[in-house]
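Asks: Dropping in input-v4.cif, which is mmCIF, C-alpha atoms, pLDDT in the B column; chains and numbers go by the auth columns:
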```cif
data_query
#
loop_
_atom_site.group_PDB
_atom_site.id
_atom_site.type_symbol
_atom_site.label_atom_id
_atom_site.label_comp_id
_atom_site.label_asym_id
_atom_site.label_seq_id
_atom_site.Cartn_x
_atom_site.Cartn_y
_atom_site.Cartn_z
_atom_site.B_iso_or_equiv
_atom_site.auth_seq_id
_atom_site.auth_asym_id
ATOM 1 C CA ASN A 1 10.853 -11.636 0.519 43.00 1 U
ATOM 2 C CA ASP A 2 8.083 -13.401 2.368 51.00 2 U
ATOM 3 C CA ILE A 3 5.275 -13.823 -0.147 53.00 3 U
ATOM 4 C CA LEU A 4 1.897 -14.859 1.207 53.00 4 U
ATOM 5 C CA ASP A 5 -0.194 -17.562 -0.360 55.00 5 U
ATOM 6 C CA LEU A 6 -3.580 -16.069 -1.298 52.00 6 U
ATOM 7 C CA SER A 7 -5.317 -19.322 -0.328 54.00 7 U
ATOM 8 C CA LYS A 8 -4.023 -18.911 3.248 56.00 8 U
ATOM 9 C CA ILE A 9 -5.522 -15.435 3.411 54.00 9 U
ATOM 10 C CA GLU A 10 -8.846 -16.584 1.973 55.00 10 U
ATOM 11 C CA SER A 11 -9.053 -19.530 4.386 54.00 11 U
ATOM 12 C CA GLY A 12 -8.164 -17.319 7.340 62.00 12 U
ATOM 13 C CA THR A 13 -4.992 -19.209 8.288 62.00 13 U
ATOM 14 C CA VAL A 14 -2.743 -16.142 8.234 69.00 14 U
ATOM 15 C CA SER A 15 -1.611 -15.147 11.704 78.00 15 U
ATOM 16 C CA ILE A 16 -1.579 -11.516 12.749 85.00 16 U
ATOM 17 C CA GLU A 17 0.857 -10.451 15.454 89.00 17 U
ATOM 18 C CA LEU A 18 -0.034 -7.102 16.954 89.00 18 U
ATOM 19 C CA GLY A 19 2.708 -4.998 18.446 92.00 19 U
ATOM 20 C CA ASP A 20 3.980 -1.461 18.683 94.00 20 U
ATOM 21 C CA VAL A 21 5.461 -0.525 15.311 94.00 21 U
ATOM 22 C CA GLN A 22 8.015 2.277 15.186 96.00 22 U
ATOM 23 C CA LEU A 23 7.078 4.486 12.239 96.00 23 U
ATOM 24 C CA LYS A 24 10.725 5.561 12.094 96.00 24 U
ATOM 25 C CA SER A 25 11.753 1.968 11.298 95.00 25 U
ATOM 26 C CA LEU A 26 9.116 1.757 8.529 96.00 26 U
ATOM 27 C CA LYS A 27 10.543 4.940 7.027 97.00 27 U
ATOM 28 C CA GLN A 28 14.131 3.633 7.224 96.00 28 U
ATOM 29 C CA ASN A 29 13.114 0.313 5.682 95.00 29 U
ATOM 30 C CA VAL A 30 11.387 1.836 2.649 96.00 30 U
ATOM 31 C CA GLU A 31 14.235 4.272 2.056 96.00 31 U
ATOM 32 C CA ARG A 32 16.816 1.491 2.297 95.00 32 U
ATOM 33 C CA THR A 33 14.756 -0.759 0.003 95.00 33 U
ATOM 34 C CA PHE A 34 13.892 1.753 -2.748 97.00 34 U
ATOM 35 C CA ARG A 35 16.447 4.582 -2.742 96.00 35 U
ATOM 36 C CA GLN A 36 18.849 2.781 -5.109 96.00 36 U
ATOM 37 C CA LEU A 37 16.067 1.584 -7.418 95.00 37 U
ATOM 38 C CA ALA A 38 14.857 5.174 -7.722 97.00 38 U
ATOM 39 C CA ALA A 39 18.370 6.336 -8.600 97.00 39 U
ATOM 40 C CA ASP A 40 18.811 3.504 -11.134 96.00 40 U
ATOM 41 C CA LYS A 41 15.527 4.441 -12.865 95.00 41 U
ATOM 42 C CA GLY A 42 16.236 8.188 -12.711 96.00 42 U
ATOM 43 C CA LEU A 43 13.148 8.798 -10.560 96.00 43 U
ATOM 44 C CA ASN A 44 12.687 11.129 -7.632 97.00 44 U
ATOM 45 C CA PHE A 45 11.725 9.219 -4.493 97.00 45 U
ATOM 46 C CA GLU A 46 10.049 11.396 -1.915 97.00 46 U
ATOM 47 C CA VAL A 47 9.348 10.062 1.571 97.00 47 U
ATOM 48 C CA ASP A 48 7.235 12.342 3.746 97.00 48 U
ATOM 49 C CA PHE A 49 6.279 11.265 7.272 97.00 49 U
ATOM 50 C CA ASP A 50 4.281 14.035 8.961 97.00 50 U
ATOM 51 C CA ALA A 51 6.046 15.401 12.037 95.00 51 U
ATOM 52 C CA LYS A 52 2.770 15.167 14.011 95.00 52 U
ATOM 53 C CA LEU A 53 2.579 11.363 13.681 96.00 53 U
ATOM 54 C CA PRO A 54 2.795 9.269 16.825 95.00 54 U
ATOM 55 C CA ALA A 55 6.155 7.494 17.290 94.00 55 U
ATOM 56 C CA THR A 56 4.441 4.096 17.205 95.00 56 U
ATOM 57 C CA ILE A 57 1.227 2.526 15.992 95.00 57 U
ATOM 58 C CA ARG A 58 -0.275 -0.766 17.122 94.00 58 U
ATOM 59 C CA THR A 59 -0.476 -3.207 14.222 94.00 59 U
ATOM 60 C CA ASP A 60 1.320 -6.178 12.678 94.00 60 U
ATOM 61 C CA GLU A 61 4.692 -4.799 11.575 94.00 61 U
ATOM 62 C CA LYS A 62 5.482 -7.572 9.094 93.00 62 U
ATOM 63 C CA ARG A 63 2.073 -7.354 7.403 93.00 63 U
ATOM 64 C CA LEU A 64 2.139 -3.546 7.336 96.00 64 U
ATOM 65 C CA GLN A 65 5.547 -3.614 5.662 94.00 65 U
ATOM 66 C CA GLN A 66 4.360 -6.213 3.129 92.00 66 U
ATOM 67 C CA VAL A 67 1.556 -3.925 1.964 94.00 67 U
ATOM 68 C CA VAL A 68 3.677 -0.758 1.878 96.00 68 U
ATOM 69 C CA LEU A 69 6.550 -2.488 0.061 94.00 69 U
ATOM 70 C CA ASN A 70 4.154 -3.990 -2.485 92.00 70 U
ATOM 71 C CA LEU A 71 2.472 -0.653 -3.187 94.00 71 U
ATOM 72 C CA LEU A 72 5.893 0.966 -3.633 95.00 72 U
ATOM 73 C CA SER A 73 7.124 -1.894 -5.840 92.00 73 U
ATOM 74 C CA ASN A 74 4.115 -1.418 -8.117 88.00 74 U
ATOM 75 C CA ALA A 75 4.675 2.333 -8.239 91.00 75 U
ATOM 76 C CA PHE A 76 8.275 1.862 -9.327 93.00 76 U
ATOM 77 C CA LYS A 77 7.299 -0.859 -11.813 89.00 77 U
ATOM 78 C CA PHE A 78 4.749 1.347 -13.597 85.00 78 U
ATOM 79 C CA THR A 79 6.676 4.640 -13.462 90.00 79 U
ATOM 80 C CA SER A 80 9.279 5.362 -16.117 90.00 80 U
ATOM 81 C CA HIS A 81 9.812 9.076 -15.441 92.00 81 U
ATOM 82 C CA GLY A 82 9.000 11.576 -12.724 93.00 82 U
ATOM 83 C CA ALA A 83 8.546 10.555 -9.116 95.00 83 U
ATOM 84 C CA VAL A 84 7.252 8.064 -6.615 96.00 84 U
ATOM 85 C CA THR A 85 6.054 9.519 -3.319 97.00 85 U
ATOM 86 C CA LEU A 86 5.301 7.892 0.017 98.00 86 U
ATOM 87 C CA SER A 87 3.301 10.155 2.297 97.00 87 U
ATOM 88 C CA VAL A 88 2.261 9.150 5.819 98.00 88 U
ATOM 89 C CA THR A 89 -0.166 11.324 7.776 97.00 89 U
ATOM 90 C CA GLU A 90 -2.738 11.071 10.534 97.00 90 U
ATOM 91 C CA VAL A 91 -6.277 11.525 9.202 97.00 91 U
ATOM 92 C CA THR A 92 -9.801 11.642 10.574 95.00 92 U
ATOM 93 C CA GLY A 93 -11.564 10.370 7.470 94.00 93 U
ATOM 94 C CA GLY A 94 -11.258 9.183 3.891 94.00 94 U
ATOM 95 C CA TRP A 95 -11.863 5.482 4.421 95.00 95 U
ATOM 96 C CA SER A 96 -15.095 3.633 3.605 92.00 96 U
ATOM 97 C CA THR A 97 -17.854 4.451 6.077 89.00 97 U
ATOM 98 C CA HIS A 98 -19.042 0.825 6.047 91.00 98 U
ATOM 99 C CA HIS A 99 -15.604 -0.650 6.912 91.00 99 U
ATOM 100 C CA PRO A 100 -16.027 -3.062 9.868 91.00 100 U
ATOM 101 C CA VAL A 101 -13.101 -1.649 11.880 91.00 101 U
ATOM 102 C CA LEU A 102 -12.441 1.829 10.513 93.00 102 U
ATOM 103 C CA ARG A 103 -16.092 2.927 10.766 91.00 103 U
ATOM 104 C CA THR A 104 -15.655 3.090 14.550 91.00 104 U
ATOM 105 C CA ALA A 105 -12.230 4.767 14.410 92.00 105 U
ATOM 106 C CA ASP A 106 -11.794 8.446 15.114 93.00 106 U
ATOM 107 C CA ARG A 107 -8.325 8.557 13.604 95.00 107 U
ATOM 108 C CA ALA A 108 -6.185 6.532 11.243 96.00 108 U
ATOM 109 C CA ILE A 109 -2.788 6.606 9.632 97.00 109 U
ATOM 110 C CA ALA A 110 -3.013 7.183 5.874 97.00 110 U
ATOM 111 C CA ILE A 111 -0.064 5.667 4.039 98.00 111 U
ATOM 112 C CA ALA A 112 -0.297 6.975 0.479 97.00 112 U
ATOM 113 C CA VAL A 113 1.846 5.886 -2.455 96.00 113 U
ATOM 114 C CA THR A 114 1.569 8.116 -5.520 94.00 114 U
ATOM 115 C CA ASP A 115 3.493 8.091 -8.758 93.00 115 U
ATOM 116 C CA THR A 116 3.703 9.778 -12.127 91.00 116 U
ATOM 117 C CA GLY A 117 3.066 6.508 -13.968 82.00 117 U
ATOM 118 C CA ILE A 118 0.487 5.397 -16.498 77.00 118 U
ATOM 119 C CA GLY A 119 -2.662 5.814 -14.400 77.00 119 U
ATOM 120 C CA ILE A 120 -5.653 3.510 -14.130 78.00 120 U
ATOM 121 C CA PRO A 121 -9.009 4.200 -15.821 74.00 121 U
ATOM 122 C CA GLU A 122 -11.907 4.403 -13.354 75.00 122 U
ATOM 123 C CA ASP A 123 -13.664 1.393 -14.877 75.00 123 U
ATOM 124 C CA LYS A 124 -10.539 -0.738 -14.227 74.00 124 U
ATOM 125 C CA GLN A 125 -9.906 0.331 -10.621 68.00 125 U
ATOM 126 C CA LYS A 126 -11.925 -2.492 -9.034 70.00 126 U
ATOM 127 C CA LEU A 127 -10.516 -5.023 -11.491 69.00 127 U
ATOM 128 C CA ILE A 128 -6.881 -4.434 -10.505 69.00 128 U
ATOM 129 C CA PHE A 129 -7.586 -5.824 -7.031 66.00 129 U
ATOM 130 C CA GLU A 130 -8.664 -9.157 -8.520 69.00 130 U
ATOM 131 C CA ALA A 131 -5.943 -11.810 -8.704 59.00 131 U
ATOM 132 C CA PHE A 132 -4.059 -11.937 -12.011 50.00 132 U
ATOM 133 C CA GLN A 133 -5.478 -8.694 -13.403 45.00 133 U
ATOM 134 C CA GLN A 134 -3.865 -5.452 -14.418 45.00 134 U
ATOM 135 C CA GLY A 135 -5.602 -2.338 -15.656 47.00 135 U
ATOM 136 C CA ASP A 136 -4.732 -3.017 -19.278 47.00 136 U
ATOM 137 C CA GLY A 137 -4.304 -6.539 -20.654 50.00 137 U
ATOM 138 C CA THR A 138 -1.142 -5.461 -22.479 45.00 138 U
ATOM 139 C CA THR A 139 0.613 -4.330 -19.301 45.00 139 U
ATOM 140 C CA SER A 140 1.194 -7.884 -18.107 47.00 140 U
ATOM 141 C CA ARG A 141 3.543 -8.438 -21.034 43.00 141 U
ATOM 142 C CA LYS A 142 5.278 -5.090 -20.675 45.00 142 U
ATOM 143 C CA TYR A 143 5.521 -4.905 -16.889 44.00 143 U
ATOM 144 C CA GLY A 144 5.400 -8.550 -15.764 46.00 144 U
ATOM 145 C CA GLY A 145 4.496 -9.761 -12.295 48.00 145 U
ATOM 146 C CA THR A 146 2.145 -12.375 -10.920 45.00 146 U
ATOM 147 C CA GLY A 147 -0.921 -10.180 -10.592 48.00 147 U
ATOM 148 C CA LEU A 148 -1.344 -11.246 -6.961 58.00 148 U
ATOM 149 C CA GLY A 149 0.198 -8.190 -5.297 77.00 149 U
ATOM 150 C CA LEU A 150 -2.787 -5.871 -5.053 84.00 150 U
ATOM 151 C CA SER A 151 -5.196 -8.676 -4.239 83.00 151 U
ATOM 152 C CA ILE A 152 -2.999 -9.849 -1.374 86.00 152 U
ATOM 153 C CA SER A 153 -2.288 -6.276 -0.260 89.00 153 U
ATOM 154 C CA ARG A 154 -5.988 -5.492 -0.010 90.00 154 U
ATOM 155 C CA GLU A 155 -6.603 -8.654 2.017 89.00 155 U
ATOM 156 C CA ILE A 156 -3.654 -8.039 4.348 91.00 156 U
ATOM 157 C CA GLY A 157 -4.873 -4.476 4.825 93.00 157 U
ATOM 158 C CA ARG A 158 -8.251 -5.888 5.841 92.00 158 U
ATOM 159 C CA LEU A 159 -6.639 -8.411 8.204 91.00 159 U
ATOM 160 C CA ILE A 160 -4.828 -5.646 10.101 93.00 160 U
ATOM 161 C CA GLY A 161 -8.076 -3.690 10.429 93.00 161 U
ATOM 162 C CA GLY A 162 -7.398 -1.331 7.558 95.00 162 U
ATOM 163 C CA GLU A 163 -8.321 -0.679 3.969 95.00 163 U
ATOM 164 C CA VAL A 164 -6.504 -0.101 0.669 94.00 164 U
ATOM 165 C CA GLN A 165 -8.066 2.389 -1.747 93.00 165 U
ATOM 166 C CA VAL A 166 -7.031 3.624 -5.187 89.00 166 U
ATOM 167 C CA ARG A 167 -7.713 6.934 -6.915 89.00 167 U
ATOM 168 C CA SER A 168 -6.488 7.553 -10.434 83.00 168 U
ATOM 169 C CA GLU A 169 -7.283 8.690 -13.913 71.00 169 U
ATOM 170 C CA PRO A 170 -5.612 7.786 -17.207 69.00 170 U
ATOM 171 C CA GLY A 171 -2.489 9.815 -17.906 69.00 171 U
ATOM 172 C CA ALA A 172 -2.040 10.734 -14.247 75.00 172 U
ATOM 173 C CA GLY A 173 -0.388 8.310 -11.888 81.00 173 U
ATOM 174 C CA PRO A 174 -2.504 6.570 -9.279 87.00 174 U
ATOM 175 C CA ALA A 175 -2.653 7.144 -5.533 90.00 175 U
ATOM 176 C CA PHE A 176 -2.925 4.001 -3.425 93.00 176 U
ATOM 177 C CA THR A 177 -3.739 4.646 0.218 96.00 177 U
ATOM 178 C CA LEU A 178 -3.608 2.191 3.095 97.00 178 U
ATOM 179 C CA TYR A 179 -5.685 3.350 6.055 97.00 179 U
ATOM 180 C CA VAL A 180 -4.636 1.791 9.376 96.00 180 U
ATOM 181 C CA PRO A 181 -6.791 2.598 12.418 95.00 181 U
ATOM 182 C CA LEU A 182 -5.199 4.298 15.405 92.00 182 U
ATOM 183 C CA THR A 183 -6.217 2.943 18.758 75.00 183 U
ATOM 184 C CA ALA A 184 -6.182 5.036 21.904 54.00 184 U
#
```
Can I see the file as structure tokens?
Replies:
Amino acid sequence: NDILDLSKIESGTVSIELGDVQLKSLKQNVERTFRQLAADKGLNFEVDFDAKLPATIRTDEKRLQQVVLNLLSNAFKFTSHGAVTLSVTEVTGGWSTHHPVLRTADRAIAIAVTDTGIGIPEDKQKLIFEAFQQGDGTTSRKYGGTGLGLSISREIGRLIGGEVQVRSEPGAGPAFTLYVPLTA
């Protein structure tokens, strides 16, 4: 796996290569990557790409996949029973109105990863996007990881003109959504 150095993102030395990304290939990649893990953990893995989606979107395929794979990896890491769901739809809102790119977009692709995991208290939802933080200090021992994933994912999302948001409450698994603008 190609892991990005956070210092490269912060200094702006990460290159973005825009191209036409086949949504079908994104779907195949996530299914190939996570189907066996779901089976090994006894979890349902639901992948739902809306039939009304365009065949391609214009973005950086490698960076898009990095964010989606990281969000799915986290979902599987923090879910011990139930399901992980990837839902991809076209939307006309839901992102921050002050976002520098999305605020001028009429439409976006919403890539949502939800799970039936431990949930994240509202007062911890901003904290989890900081490097080396998890929602609960004890989770780093139980679940492991570097703590860089969400911080890097949020920054990559920003670099490709999008935004990563989280919605959750304790006891109910979180929903992480990456909004990627659609260009005409």
Asks: Give me the result of the PyMOL selection byres ((chain U and resi 87) around 6) on this file, residue by residue, as a PDB file with C-alpha atoms, in the frame of the given file.
Replies:
```pdb
ATOM      1  CA  ASP U  48       7.235  12.342   3.746  1.00 97.00           C
ATOM      2  CA  PHE U  49       6.279  11.265   7.272  1.00 97.00           C
ATOM      3  CA  LEU U  86       5.301   7.892   0.017  1.00 98.00           C
ATOM      4  CA  VAL U  88       2.261   9.150   5.819  1.00 98.00           C
ATOM      5  CA  ILE U 111      -0.064   5.667   4.039  1.00 98.00           C
ATOM      6  CA  ALA U 112      -0.297   6.975   0.479  1.00 97.00           C
TER       7      ALA U 112
END
```
Asks: Which of these, U:Ser151, U:Thr79, U:Ser73, U:Gln65, has the shortest distance to U:Lys27 once you count all atoms listed in the file?
Replies: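 Closest candidate: U:Gln65.
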Asks: Applied to this file, what does the PyMOL selection byres ((chain U and resi 106) around 9) return in terms of residues, put as a CSV table (one decimal) with C-alpha atoms, in the frame of the given file?
Replies:
```csv
chain,number,residue,atom,x,y,z
U,91,VAL,CA,-6.3,11.5,9.2
U,92,THR,CA,-9.8,11.6,10.6
U,93,GLY,CA,-11.6,10.4,7.5
U,102,LEU,CA,-12.4,1.8,10.5
U,103,ARG,CA,-16.1,2.9,10.8
U,104,THR,CA,-15.7,3.1,14.6
U,105,ALA,CA,-12.2,4.8,14.4
U,107,ARG,CA,-8.3,8.6,13.6
U,108,ALA,CA,-6.2,6.5,11.2
U,181,PRO,CA,-6.8,2.6,12.4
U,182,LEU,CA,-5.2,4.3,15.4
U,183,THR,CA,-6.2,2.9,18.8
```
Asks: Work out how far apart atom CA of U:Glu61 and atom CA of U:Ser168 are and give it in Å to one decimal.
Replies: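 Atom CA of U:Ser168 lies 27.6 Å from atom CA of U:Glu61.
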Asks: Compile the contact shell of stretch 34-40 of chain U as an mmCIF file with C-alpha atoms, in the coordinates of the input: residues with an atom at most 12 Å away, counting all atoms listed in the file, same-chain residues fewer than 4 positions apart removed.
Replies:
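Once everything was written out, this is part.cif:
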```
data_model
loop_
_atom_site.group_PDB
_atom_site.id
_atom_site.type_symbol
_atom_site.label_atom_id
_atom_site.label_comp_id
_atom_site.auth_asym_id
_atom_site.auth_seq_id
_atom_site.Cartn_x
_atom_site.Cartn_y
_atom_site.Cartn_z
ATOM 1 C CA LYS U 27 10.543 4.940 7.027
ATOM 2 C CA GLN U 28 14.131 3.633 7.224
ATOM 3 C CA ASN U 29 13.114 0.313 5.682
ATOM 4 C CA VAL U 30 11.387 1.836 2.649
ATOM 5 C CA ASN U 44 12.687 11.129 -7.632
ATOM 6 C CA PHE U 45 11.725 9.219 -4.493
ATOM 7 C CA GLU U 46 10.049 11.396 -1.915
ATOM 8 C CA VAL U 47 9.348 10.062 1.571
ATOM 9 C CA VAL U 68 3.677 -0.758 1.878
ATOM 10 C CA LEU U 69 6.550 -2.488 0.061
ATOM 11 C CA ASN U 70 4.154 -3.990 -2.485
ATOM 12 C CA LEU U 71 2.472 -0.653 -3.187
ATOM 13 C CA LEU U 72 5.893 0.966 -3.633
ATOM 14 C CA SER U 73 7.124 -1.894 -5.840
ATOM 15 C CA ASN U 74 4.115 -1.418 -8.117
ATOM 16 C CA ALA U 75 4.675 2.333 -8.239
ATOM 17 C CA PHE U 76 8.275 1.862 -9.327
ATOM 18 C CA LYS U 77 7.299 -0.859 -11.813
ATOM 19 C CA THR U 79 6.676 4.640 -13.462
ATOM 20 C CA SER U 80 9.279 5.362 -16.117
ATOM 21 C CA HIS U 81 9.812 9.076 -15.441
ATOM 22 C CA GLY U 82 9.000 11.576 -12.724
ATOM 23 C CA ALA U 83 8.546 10.555 -9.116
ATOM 24 C CA VAL U 84 7.252 8.064 -6.615
ATOM 25 C CA THR U 85 6.054 9.519 -3.319
ATOM 26 C CA LEU U 86 5.301 7.892 0.017
ATOM 27 C CA ASP U 115 3.493 8.091 -8.758
#
```
Asks: Go through U:Ile57, U:Ile109, U:Ala51, U:Leu150 and flag the residue nearest U:Asp20, using only C-alpha atoms for the distances.
Replies: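 Ranked by minimum distance to U:Asp20, first place goes to U:Ile57.
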Asks: Ranking U:Leu43, U:Val113, U:Val180, U:Val21 by minimum distance to U:Val166 and counting all atoms listed in the file, which one comes first?
Replies: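 Closest candidate: U:Val113.
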Asks: Provide the atom CA of U:Lys62 to atom CA of U:Ile16 distance in Å, to one decimal place.
Replies: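 Value for the atom CA of U:Lys62-atom CA of U:Ile16 distance: 8.9 Å.
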Asks: Once the PyMOL selection byres ((chain U and resi 95) around 8) has been applied to the shown file, what residues remain in the selection, as a PyMOL selection string?
Replies: chain U and resi 93-94+96-97+99+102+163+165+179
Asks: Could you save those same residues with C-alpha atoms as a PDB file, in the coordinates of the input?
Replies:
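part13.pdb, freshly written:
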```pdb
ATOM      1  CA  GLY U  93     -11.564  10.370   7.470  1.00 94.00           C
ATOM      2  CA  GLY U  94     -11.258   9.183   3.891  1.00 94.00           C
ATOM      3  CA  SER U  96     -15.095   3.633   3.605  1.00 92.00           C
ATOM      4  CA  THR U  97     -17.854   4.451   6.077  1.00 89.00           C
ATOM      5  CA  HIS U  99     -15.604  -0.650   6.912  1.00 91.00           C
ATOM      6  CA  LEU U 102     -12.441   1.829  10.513  1.00 93.00           C
ATOM      7  CA  GLU U 163      -8.321  -0.679   3.969  1.00 95.00           C
ATOM      8  CA  GLN U 165      -8.066   2.389  -1.747  1.00 93.00           C
ATOM      9  CA  TYR U 179      -5.685   3.350   6.055  1.00 97.00           C
TER      10      TYR U 179
END
```
Asks: Could you jot down the atom CA of U:Ile160 to atom CA of U:Gly119 separation for me, Å, one decimal place?
Replies: 27.1 Å
Asks: For U:Phe78, which residue among U:Leu64, U:Ile120, U:Val101, U:Leu26 is the nearest when counting all atoms listed in the file?
Replies: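 The shortest atom-to-atom distance to U:Phe78 comes from U:Ile120.
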Asks: Of the residues U:Asp123, U:Thr56, U:Ala110, U:Arg63, which is the one nearest to U:Leu178, using all atoms listed in the file?
Replies: U:Ala110
Asks: Mind giving me the axis-aligned box for stretch 109-116 of chain U with 8 Å on every side, centre plus edges in Å to one decimal, as AutoDock Vina command-line options?
Replies:
```
--center_x 0.3 --center_y 7.7 --center_z -1.2 --size_x 22.7 --size_y 20.1 --size_z 37.8
```
Asks: Have stretch 19-33 of chain U completed to N, CA, C and O atoms, please, and pass it along as a PDB file, keeping the file's coordinate frame.
Replies:
```
ATOM      1  N   GLY U  19       1.648  -5.541  17.609  1.00 92.00           N
ATOM      2  CA  GLY U  19       2.708  -4.998  18.446  1.00 92.00           C
ATOM      3  C   GLY U  19       2.854  -3.519  18.151  1.00 92.00           C
ATOM      4  O   GLY U  19       2.186  -2.974  17.266  1.00 92.00           O
ATOM      5  N   ASP U  20       3.711  -2.875  18.921  1.00 94.00           N
ATOM      6  CA  ASP U  20       3.980  -1.461  18.683  1.00 94.00           C
ATOM      7  C   ASP U  20       5.005  -1.332  17.568  1.00 94.00           C
ATOM      8  O   ASP U  20       6.123  -1.851  17.677  1.00 94.00           O
ATOM      9  N   VAL U  21       4.612  -0.684  16.487  1.00 94.00           N
ATOM     10  CA  VAL U  21       5.461  -0.525  15.311  1.00 94.00           C
ATOM     11  C   VAL U  21       6.030   0.887  15.303  1.00 94.00           C
ATOM     12  O   VAL U  21       5.272   1.867  15.333  1.00 94.00           O
ATOM     13  N   GLN U  22       7.332   0.986  15.271  1.00 96.00           N
ATOM     14  CA  GLN U  22       8.015   2.277  15.186  1.00 96.00           C
ATOM     15  C   GLN U  22       7.870   2.801  13.757  1.00 96.00           C
ATOM     16  O   GLN U  22       8.354   2.169  12.814  1.00 96.00           O
ATOM     17  N   LEU U  23       7.223   3.923  13.585  1.00 96.00           N
ATOM     18  CA  LEU U  23       7.078   4.486  12.239  1.00 96.00           C
ATOM     19  C   LEU U  23       8.441   4.873  11.669  1.00 96.00           C
ATOM     20  O   LEU U  23       8.648   4.806  10.455  1.00 96.00           O
ATOM     21  N   LYS U  24       9.367   5.235  12.534  1.00 96.00           N
ATOM     22  CA  LYS U  24      10.725   5.561  12.094  1.00 96.00           C
ATOM     23  C   LYS U  24      11.379   4.356  11.406  1.00 96.00           C
ATOM     24  O   LYS U  24      12.060   4.508  10.391  1.00 96.00           O
ATOM     25  N   SER U  25      11.150   3.153  11.920  1.00 95.00           N
ATOM     26  CA  SER U  25      11.753   1.968  11.298  1.00 95.00           C
ATOM     27  C   SER U  25      11.096   1.660   9.952  1.00 95.00           C
ATOM     28  O   SER U  25      11.758   1.200   9.020  1.00 95.00           O
ATOM     29  N   LEU U  26       9.781   1.926   9.824  1.00 96.00           N
ATOM     30  CA  LEU U  26       9.116   1.757   8.529  1.00 96.00           C
ATOM     31  C   LEU U  26       9.738   2.707   7.508  1.00 96.00           C
ATOM     32  O   LEU U  26      10.056   2.314   6.384  1.00 96.00           O
ATOM     33  N   LYS U  27       9.942   3.943   7.915  1.00 97.00           N
ATOM     34  CA  LYS U  27      10.543   4.940   7.027  1.00 97.00           C
ATOM     35  C   LYS U  27      11.950   4.508   6.600  1.00 97.00           C
ATOM     36  O   LYS U  27      12.289   4.539   5.414  1.00 97.00           O
ATOM     37  N   GLN U  28      12.765   4.070   7.539  1.00 96.00           N
ATOM     38  CA  GLN U  28      14.131   3.633   7.224  1.00 96.00           C
ATOM     39  C   GLN U  28      14.116   2.436   6.284  1.00 96.00           C
ATOM     40  O   GLN U  28      14.910   2.367   5.348  1.00 96.00           O
ATOM     41  N   ASN U  29      13.193   1.505   6.509  1.00 95.00           N
ATOM     42  CA  ASN U  29      13.114   0.313   5.682  1.00 95.00           C
ATOM     43  C   ASN U  29      12.764   0.651   4.236  1.00 95.00           C
ATOM     44  O   ASN U  29      13.389   0.142   3.298  1.00 95.00           O
ATOM     45  N   VAL U  30      11.764   1.513   4.025  1.00 96.00           N
ATOM     46  CA  VAL U  30      11.387   1.836   2.649  1.00 96.00           C
ATOM     47  C   VAL U  30      12.487   2.634   1.948  1.00 96.00           C
ATOM     48  O   VAL U  30      12.740   2.425   0.759  1.00 96.00           O
ATOM     49  N   GLU U  31      13.143   3.516   2.682  1.00 96.00           N
ATOM     50  CA  GLU U  31      14.235   4.272   2.056  1.00 96.00           C
ATOM     51  C   GLU U  31      15.382   3.339   1.675  1.00 96.00           C
ATOM     52  O   GLU U  31      15.919   3.426   0.580  1.00 96.00           O
ATOM     53  N   ARG U  32      15.733   2.447   2.563  1.00 95.00           N
ATOM     54  CA  ARG U  32      16.816   1.491   2.297  1.00 95.00           C
ATOM     55  C   ARG U  32      16.458   0.585   1.115  1.00 95.00           C
ATOM     56  O   ARG U  32      17.291   0.281   0.271  1.00 95.00           O
ATOM     57  N   THR U  33      15.198   0.171   1.039  1.00 95.00           N
ATOM     58  CA  THR U  33      14.756  -0.759   0.003  1.00 95.00           C
ATOM     59  C   THR U  33      14.656  -0.105  -1.376  1.00 95.00           C
ATOM     60  O   THR U  33      14.989  -0.738  -2.383  1.00 95.00           O
TER      61      THR U  33
END
```
